[in-house]
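Shown here: start-v2.txt, compact mmCIF, C-alpha atoms.
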# COMPACT_ATOMS: atom_id res chain seq x y z
CA MET A 83 0.00 0.00 0.00
CA LYS A 84 2.87 2.40 0.70
CA LYS A 85 4.39 1.92 -2.74
CA PRO A 86 1.32 3.28 -4.71
CA ILE A 87 1.11 6.28 -2.31
CA LEU A 88 4.82 6.98 -2.80
CA LEU A 89 4.49 6.74 -6.60
CA PHE A 90 1.41 8.99 -6.52
CA SER A 91 3.27 11.53 -4.37
CA ILE A 92 6.26 11.57 -6.73
CA ALA A 93 3.97 12.00 -9.76
CA LEU A 94 2.05 14.81 -8.04
CA PHE A 95 5.29 16.56 -7.01
CA THR A 96 6.63 16.30 -10.59
CA MET A 97 3.42 17.75 -12.06
CA VAL A 98 3.51 20.65 -9.62
CA GLN A 99 7.16 21.37 -10.49
CA ILE A 100 6.52 21.27 -14.25
CA SER A 101 3.47 23.53 -14.01
CA SER A 102 5.25 26.01 -11.75
CA CYS A 103 8.24 26.21 -14.11
CA SER A 104 6.10 26.95 -17.14
CA LYS A 105 3.99 29.58 -15.40
CA ASN A 106 5.15 33.18 -15.68
CA ASP A 107 4.35 34.89 -12.39
CA SER A 108 6.29 38.06 -13.19
CA VAL A 109 4.31 41.20 -13.82
CA ASP A 110 5.68 43.36 -16.58
CA ALA A 111 5.58 47.10 -16.12
CA PRO A 112 3.34 48.84 -18.63
CA GLU A 113 5.17 50.28 -21.62
CA PRO A 114 5.45 54.05 -21.80
CA THR A 115 2.97 55.84 -24.02
CA PRO A 116 3.70 56.78 -26.72
CA LYS A 117 6.30 54.10 -27.39
CA PRO A 118 9.17 55.46 -29.50
CA THR A 119 9.57 53.74 -32.84
CA PRO A 120 13.02 52.23 -33.19
CA ILE A 121 15.09 52.97 -36.27
CA THR A 122 15.98 49.65 -37.85
CA SER A 123 17.80 50.53 -41.06
CA GLU A 124 21.53 51.14 -40.81
CA GLY A 125 22.82 54.47 -42.09
CA THR A 126 19.55 56.29 -41.39
CA TRP A 127 18.42 59.14 -39.18
CA GLU A 128 15.21 60.93 -38.30
CA MET A 129 14.31 64.51 -37.51
CA ASN A 130 10.84 64.37 -35.98
CA SER A 131 9.05 62.06 -38.43
CA TYR A 132 11.26 63.00 -41.40
CA LYS A 133 13.45 60.04 -42.41
CA PHE A 134 16.80 60.28 -44.19
CA GLU A 135 19.23 57.73 -45.57
CA ARG A 136 23.01 58.13 -45.92
CA ARG A 137 24.37 58.88 -49.39
CA THR A 138 27.96 60.04 -48.76
CA SER A 139 30.13 60.98 -45.80
CA LEU A 140 33.49 62.40 -44.82
CA GLN A 141 35.31 61.93 -41.51
CA THR A 142 37.91 64.42 -40.31
CA LEU A 143 40.32 63.93 -37.39
CA THR A 144 41.93 67.16 -36.20
CA SER A 145 42.61 69.20 -33.06
CA TYR A 146 41.54 72.40 -31.34
CA THR A 147 44.00 75.31 -31.07
CA ASN A 148 44.85 74.07 -27.54
CA GLY A 149 45.95 70.71 -28.99
CA ASN A 150 43.01 68.63 -27.74
CA LEU A 151 41.71 66.23 -30.39
CA PHE A 152 38.26 66.22 -31.99
CA THR A 153 36.45 64.35 -34.76
CA GLN A 154 33.95 65.57 -37.31
CA VAL A 155 31.69 63.18 -39.23
CA ASN A 156 29.85 64.93 -42.07
CA VAL A 157 27.03 62.91 -43.72
CA ASP A 158 24.80 63.81 -46.68
CA SER A 159 21.45 62.13 -47.27
CA LYS A 160 19.91 60.82 -50.43
CA ILE A 161 17.22 63.05 -51.92
CA THR A 162 13.82 61.87 -50.75
CA SER A 163 10.29 62.56 -51.92
CA SER A 164 8.54 61.15 -48.86
CA ASN A 165 9.32 64.07 -46.50
CA GLY A 166 7.27 66.83 -48.09
CA ASN A 167 9.52 69.85 -48.59
CA PHE A 168 12.32 68.36 -46.43
CA LYS A 169 14.10 66.88 -49.48
CA SER A 170 17.62 66.36 -48.12
CA CYS A 171 19.61 66.66 -44.93
CA ASN A 172 23.26 67.12 -44.07
CA VAL A 173 24.16 66.04 -40.53
CA VAL A 174 27.46 66.85 -38.82
CA PHE A 175 28.56 65.01 -35.69
CA TRP A 176 31.31 66.91 -33.92
CA PHE A 177 32.77 65.18 -30.88
CA ASN A 178 35.69 65.66 -28.52
CA THR A 179 38.44 63.02 -28.81
CA GLN A 180 39.13 60.58 -31.60
CA SER A 181 37.94 57.55 -29.68
CA THR A 182 35.00 55.20 -29.51
CA GLY A 183 32.72 55.29 -26.48
CA ILE A 184 29.62 56.95 -25.08
CA TYR A 185 29.20 60.67 -25.71
CA THR A 186 26.63 63.12 -24.35
CA ALA A 187 24.69 65.47 -26.65
CA LYS A 188 25.61 69.09 -25.98
CA SER A 189 25.43 72.53 -27.56
CA VAL A 190 28.40 73.70 -29.60
CA ASN A 191 29.35 76.22 -26.86
CA THR A 192 29.47 73.52 -24.18
CA LEU A 193 31.43 71.25 -26.50
CA VAL A 194 34.22 73.75 -27.22
CA SER A 195 34.34 74.91 -23.59
CA ASN A 196 34.96 71.35 -22.35
CA THR A 197 37.33 69.88 -24.92
CA THR A 198 38.49 66.96 -22.75
CA LEU A 199 35.01 65.57 -21.98
CA ASN A 200 33.08 63.04 -24.09
CA TYR A 201 30.63 65.55 -25.54
CA MET A 202 29.07 65.59 -29.01
CA ASN A 203 27.29 68.29 -30.97
CA VAL A 204 24.77 67.31 -33.65
CA LYS A 205 24.03 69.82 -36.41
CA CYS A 206 21.48 69.21 -39.18
CA MET A 207 20.83 71.31 -42.26
CA VAL A 208 17.62 70.42 -44.09
CA THR A 209 16.80 71.80 -47.54
CA ASP A 210 13.89 71.83 -49.95
CA ALA A 211 13.93 71.40 -53.74
CA ALA A 212 14.52 75.13 -54.27
CA GLY A 213 17.58 75.21 -51.98
CA LYS A 214 15.83 76.92 -49.05
CA GLY A 215 17.05 75.52 -45.75
CA ALA A 216 17.13 75.56 -41.99
CA ILE A 217 19.87 74.57 -39.53
CA TYR A 218 19.19 72.74 -36.27
CA GLU A 219 21.70 72.07 -33.50
CA SER A 220 21.67 69.94 -30.38
CA VAL A 221 21.10 71.62 -27.02
CA ASP A 222 22.70 70.68 -23.70
CA SER A 223 21.23 67.40 -22.52
CA GLY A 224 22.09 64.11 -20.87
CA VAL A 225 21.17 62.03 -23.94
CA GLU A 226 23.86 59.48 -24.76
CA ILE A 227 25.20 58.68 -28.21
CA ASP A 228 27.24 55.56 -28.93
CA VAL A 229 30.35 55.77 -31.12
CA LYS A 230 31.95 52.57 -32.42
CA LYS A 231 34.37 51.80 -35.21
CA GLU A 232 33.80 49.53 -38.21
CA ASP A 233 36.26 49.15 -41.07
CA GLY A 234 38.28 52.10 -39.76
CA LYS A 235 35.30 54.49 -39.72
CA PHE A 236 33.41 55.92 -36.77
CA VAL A 237 29.81 54.66 -36.60
CA ILE A 238 27.30 56.73 -34.62
CA THR A 239 24.07 55.47 -33.04
CA GLY A 240 21.66 57.53 -30.97
CA THR A 241 18.47 55.64 -30.21
CA LYS A 242 17.05 58.19 -27.75
CA GLU A 243 15.66 61.46 -29.08
CA ILE A 244 18.10 64.36 -28.99
CA SER A 245 16.55 67.83 -28.80
CA LEU A 246 17.52 70.20 -31.61
CA THR A 247 16.80 73.89 -31.85
CA LYS A 248 16.63 75.97 -35.04
CA THR A 249 19.65 78.29 -35.26
CA LEU A 250 19.15 79.54 -38.82
CA ASP A 251 16.18 79.73 -41.17
CA ASP A 252 16.68 80.58 -44.84
CA GLY A 253 12.99 80.42 -45.74
CA LEU A 254 12.35 76.67 -45.45
CA ALA A 255 8.55 76.32 -45.31
CA ASN A 256 7.06 74.56 -42.28
CA ALA A 257 10.39 74.44 -40.40
CA PRO A 258 9.49 74.15 -36.70
CA ALA A 259 11.47 75.96 -34.00
CA THR A 260 12.57 72.65 -32.43
CA MET A 261 12.95 69.09 -33.64
CA THR A 262 14.14 65.75 -32.30
CA PHE A 263 16.92 63.62 -33.79
CA LYS A 264 17.91 59.96 -33.59
CA CYS A 265 20.09 57.78 -35.78
CA ASN A 266 21.19 54.22 -36.41
CA LYS A 267 24.74 53.29 -37.41
CA VAL A 268 25.54 56.43 -39.38
CA LYS A 269 29.11 56.66 -40.69
When written as structure tokens, how does the structure in this file appear?
Amino acid sequence: MKKPILLFSIALFTMVQISSCSKNDSVDAPEPTPKPTPITSEGTWEMNSYKFERRTSLQTLTSYTNGNLFTQVNVDSKITSSNGNFKSCNVVFWFNTQSTGIYTAKSVNTLVSNTTLNYMNVKCMVTDAAGKGAIYESVDSGVEIDVKKEDGKFVITGTKEISLTKTLDDGLANAPATMTFKCNKVK
């Protein structure tokens, strides 16, 4: 009589273990609303909802007058017809040092005043078909931008929105005073 009770107990214990392992008791936190849309294509960036894709780029390694190093990555987009009058965009990443790592988005004044810190300035010039444009630059923030190297070139990824403010307007229609910027593997 003890043997069937023992076998029943083992079977019951095993079933309880299997069912408890497959059950997910964790409670996930609700996702923030609105959920930011990730950029999935390499070599692309967004300003607000305007999307751009890399066409050409140039990377310059140089130094400030005080001898501290900096890097400039200058990227032109392909011409697009899906952004209304925002036909093309040139983006310039200017960052202190000539190294990979995590940089913080800053204004150009903060960048040049702190040449030994891992700061980066992002500057975008958008133009329409007639050549009218507007320039936007990053403001001081704590948003991080990742810089890696692939095939000897710096590759820049910023998945969190960086705030940009308009610093020049040459008559570009519908150019807002501020925009957001994010990018995926731009080089």
**Message:** For a quick check of understanding, using all atoms listed in the file, which of A:Ala257, A:Leu250, A:Val268, A:Val204 has the smallest distance to Val225 in chain A?
**Reply:**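 For Val225 in chain A, the nearest of the given residues is A:Val204.
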**Message:** To one decimal place in Å, what is the distance between CA of Trp127 in chain A and CA of Asn178 in chain A?
**Reply:**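 Going from CA of Trp127 in chain A over to CA of Asn178 in chain A, I get 21.3 Å.
Using only C-alpha atoms for every distance, the candidate list A:Lys133, A:Lys264, A:Lys235, A:Lys214 yields A:Lys133 as the residue closest to Ser163 in chain A.
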**Asked** For Ala187 in chain A, which residue among A:Gly253, A:Gly213, A:Gly166, A:Gly224 is the nearest when counting all atoms listed in the file?
**Response**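 For Ala187 in chain A, the nearest of the given residues is A:Gly224.
Among the candidates A:Ser170, A:Asn191, A:Asn196, A:Gln141, the one nearest to Leu254 in chain A when counting all atoms listed in the file is A:Ser170.
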**Message:** What's the separation between CA of Val194 in chain A and CA of Phe177 in chain A, in Å to one decimal place?
**Reply:**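 Going from CA of Val194 in chain A over to CA of Phe177 in chain A covers 9.4 Å.
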**Request:** Tell me, as an MDAnalysis selection string, which residues lie within 6 Å of Cys171 in chain A, counting only C-alpha atoms; anything in the same chain fewer than 5 positions away does not count.
**Result:** chainID A and resid 159 207:208
**Prompt:** From the list A:Ala212, A:Leu193, A:Met261, A:Leu143, which residue is nearest Lys169 in chain A when using all atoms listed in the file?
**Reply:**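 Residue with the minimum atom-to-atom distance to Lys169 in chain A: A:Ala212.
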**Item:** Option closest in space to Met202 in chain A, from A:Tyr218, A:Phe134, A:Tyr185, A:Phe168 [counting only C-alpha atoms]
**Value:**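 Closest residue, counting only C-alpha atoms: A:Tyr185.
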**Message:** Show me, as a PyMOL selection string, the residues that have an atom within 10 Å of Asp158 in chain A when counting only C-alpha atoms, minus same-chain residues fewer than 6 positions from it.
**Reply:** chain A and resi 134-140+170-174+206-207
May I have the residues from that selection written out with C-alpha atoms, as a PDB file, in the coordinates of the input?
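And here's result-v5.pdb as it stands now:
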ATOM      1  CA  PHE A 134      16.800  60.280 -44.190  1.00  0.00           C
ATOM      2  CA  GLU A 135      19.230  57.730 -45.570  1.00  0.00           C
ATOM      3  CA  ARG A 136      23.010  58.130 -45.920  1.00  0.00           C
ATOM      4  CA  ARG A 137      24.370  58.880 -49.390  1.00  0.00           C
ATOM      5  CA  THR A 138      27.960  60.040 -48.760  1.00  0.00           C
ATOM      6  CA  SER A 139      30.130  60.980 -45.800  1.00  0.00           C
ATOM      7  CA  LEU A 140      33.490  62.400 -44.820  1.00  0.00           C
ATOM      8  CA  SER A 170      17.620  66.360 -48.120  1.00  0.00           C
ATOM      9  CA  CYS A 171      19.610  66.660 -44.930  1.00  0.00           C
ATOM     10  CA  ASN A 172      23.260  67.120 -44.070  1.00  0.00           C
ATOM     11  CA  VAL A 173      24.160  66.040 -40.530  1.00  0.00           C
ATOM     12  CA  VAL A 174      27.460  66.850 -38.820  1.00  0.00           C
ATOM     13  CA  CYS A 206      21.480  69.210 -39.180  1.00  0.00           C
ATOM     14  CA  MET A 207      20.830  71.310 -42.260  1.00  0.00           C
TER      15      MET A 207
END
**Fill in**
Taken to one decimal, the CA of Lys205 in chain A-CA of Ile217 in chain A distance is 7.0 Å
**Request:** Select, counting all atoms listed in the file, all protein, DNA and RNA residues no farther than 8 Å from (16.2, 60.1, -37.1) in file coordinates, and express the selection as a ChimeraX atom specification.
**Result:** /A:121,126-134,262-266
**Request:** Could you give me, as number ranges by chain, the residues within 9 Å of Phe152 in chain A, counting all atoms listed in the file and dropping anything in the same chain fewer than 4 positions from it?
**Result:** A: 142-146, 176-181, 197
**Request:** Mind checking which residues fall within 6 Å of Lys230 in chain A, counting all atoms listed in the file, ignoring those fewer than 2 positions away in the same chain, and posting them as a count of residues only?
**Result:** 3
Completion of range 216-244 of chain A up to N, CA and C atoms, as an mmCIF file, keeping the file's coordinate frame:
data_model
loop_
_atom_site.group_PDB
_atom_site.id
_atom_site.type_symbol
_atom_site.label_atom_id
_atom_site.label_comp_id
_atom_site.auth_asym_id
_atom_site.auth_seq_id
_atom_site.Cartn_x
_atom_site.Cartn_y
_atom_site.Cartn_z
ATOM 1 N N ALA A 216 17.134 75.209 -43.402
ATOM 2 C CA ALA A 216 17.130 75.560 -41.990
ATOM 3 C C ALA A 216 18.192 74.705 -41.303
ATOM 4 N N ILE A 217 18.835 75.281 -40.287
ATOM 5 C CA ILE A 217 19.870 74.570 -39.530
ATOM 6 C C ILE A 217 19.366 74.351 -38.117
ATOM 7 N N TYR A 218 19.568 73.132 -37.631
ATOM 8 C CA TYR A 218 19.190 72.740 -36.270
ATOM 9 C C TYR A 218 20.424 72.202 -35.564
ATOM 10 N N GLU A 219 20.561 72.556 -34.276
ATOM 11 C CA GLU A 219 21.700 72.070 -33.500
ATOM 12 C C GLU A 219 21.232 71.520 -32.156
ATOM 13 N N SER A 220 22.004 70.545 -31.669
ATOM 14 C CA SER A 220 21.670 69.940 -30.380
ATOM 15 C C SER A 220 21.838 70.954 -29.255
ATOM 16 N N VAL A 221 21.029 70.792 -28.223
ATOM 17 C CA VAL A 221 21.100 71.620 -27.020
ATOM 18 C C VAL A 221 21.728 70.776 -25.913
ATOM 19 N N ASP A 222 22.120 71.417 -24.822
ATOM 20 C CA ASP A 222 22.700 70.680 -23.700
ATOM 21 C C ASP A 222 21.683 69.689 -23.148
ATOM 22 N N SER A 223 22.100 68.444 -23.041
ATOM 23 C CA SER A 223 21.230 67.400 -22.520
ATOM 24 C C SER A 223 22.071 66.302 -21.908
ATOM 25 N N GLY A 224 21.408 65.294 -21.401
ATOM 26 C CA GLY A 224 22.090 64.110 -20.870
ATOM 27 C C GLY A 224 21.911 62.907 -21.783
ATOM 28 N N VAL A 225 21.415 63.122 -23.008
ATOM 29 C CA VAL A 225 21.170 62.030 -23.940
ATOM 30 C C VAL A 225 22.497 61.461 -24.424
ATOM 31 N N GLU A 226 22.612 60.135 -24.370
ATOM 32 C CA GLU A 226 23.860 59.480 -24.760
ATOM 33 C C GLU A 226 23.826 59.012 -26.200
ATOM 34 N N ILE A 227 25.006 59.098 -26.827
ATOM 35 C CA ILE A 227 25.200 58.680 -28.210
ATOM 36 C C ILE A 227 26.382 57.721 -28.224
ATOM 37 N N ASP A 228 26.213 56.599 -28.901
ATOM 38 C CA ASP A 228 27.240 55.560 -28.930
ATOM 39 C C ASP A 228 28.102 55.708 -30.188
ATOM 40 N N VAL A 229 29.414 55.689 -29.997
ATOM 41 C CA VAL A 229 30.350 55.770 -31.120
ATOM 42 C C VAL A 229 31.193 54.504 -31.120
ATOM 43 N N LYS A 230 31.146 53.786 -32.234
ATOM 44 C CA LYS A 230 31.950 52.570 -32.420
ATOM 45 C C LYS A 230 32.777 52.755 -33.678
ATOM 46 N N LYS A 231 33.590 51.766 -33.985
ATOM 47 C CA LYS A 231 34.370 51.800 -35.210
ATOM 48 C C LYS A 231 34.154 50.518 -35.990
ATOM 49 N N GLU A 232 33.923 50.659 -37.300
ATOM 50 C CA GLU A 232 33.800 49.530 -38.210
ATOM 51 C C GLU A 232 34.591 49.859 -39.465
ATOM 52 N N ASP A 233 35.444 48.964 -39.869
ATOM 53 C CA ASP A 233 36.260 49.150 -41.070
ATOM 54 C C ASP A 233 37.007 50.479 -41.057
ATOM 55 N N GLY A 234 37.499 50.875 -39.884
ATOM 56 C CA GLY A 234 38.280 52.100 -39.760
ATOM 57 C C GLY A 234 37.476 53.388 -39.730
ATOM 58 N N LYS A 235 36.149 53.291 -39.759
ATOM 59 C CA LYS A 235 35.300 54.490 -39.720
ATOM 60 C C LYS A 235 34.492 54.530 -38.442
ATOM 61 N N PHE A 236 34.273 55.753 -37.936
ATOM 62 C CA PHE A 236 33.410 55.920 -36.770
ATOM 63 C C PHE A 236 31.963 55.682 -37.190
ATOM 64 N N VAL A 237 31.222 54.972 -36.359
ATOM 65 C CA VAL A 237 29.810 54.660 -36.600
ATOM 66 C C VAL A 237 29.020 55.182 -35.412
ATOM 67 N N ILE A 238 28.020 56.012 -35.679
ATOM 68 C CA ILE A 238 27.300 56.730 -34.620
ATOM 69 C C ILE A 238 25.854 56.244 -34.539
ATOM 70 N N THR A 239 25.447 55.906 -33.295
ATOM 71 C CA THR A 239 24.070 55.470 -33.040
ATOM 72 C C THR A 239 23.516 56.231 -31.842
ATOM 73 N N GLY A 240 22.382 56.856 -32.044
ATOM 74 C CA GLY A 240 21.660 57.530 -30.970
ATOM 75 C C GLY A 240 20.209 57.109 -31.015
ATOM 76 N N THR A 241 19.827 56.179 -30.154
ATOM 77 C CA THR A 241 18.470 55.640 -30.210
ATOM 78 C C THR A 241 17.462 56.481 -29.420
ATOM 79 N N LYS A 242 17.951 57.308 -28.515
ATOM 80 C CA LYS A 242 17.050 58.190 -27.750
ATOM 81 C C LYS A 242 17.005 59.548 -28.442
ATOM 82 N N GLU A 243 15.848 60.186 -28.375
ATOM 83 C CA GLU A 243 15.660 61.460 -29.080
ATOM 84 C C GLU A 243 16.524 62.572 -28.476
ATOM 85 N N ILE A 244 17.265 63.222 -29.355
ATOM 86 C CA ILE A 244 18.100 64.360 -28.990
ATOM 87 C C ILE A 244 17.334 65.617 -29.392
#
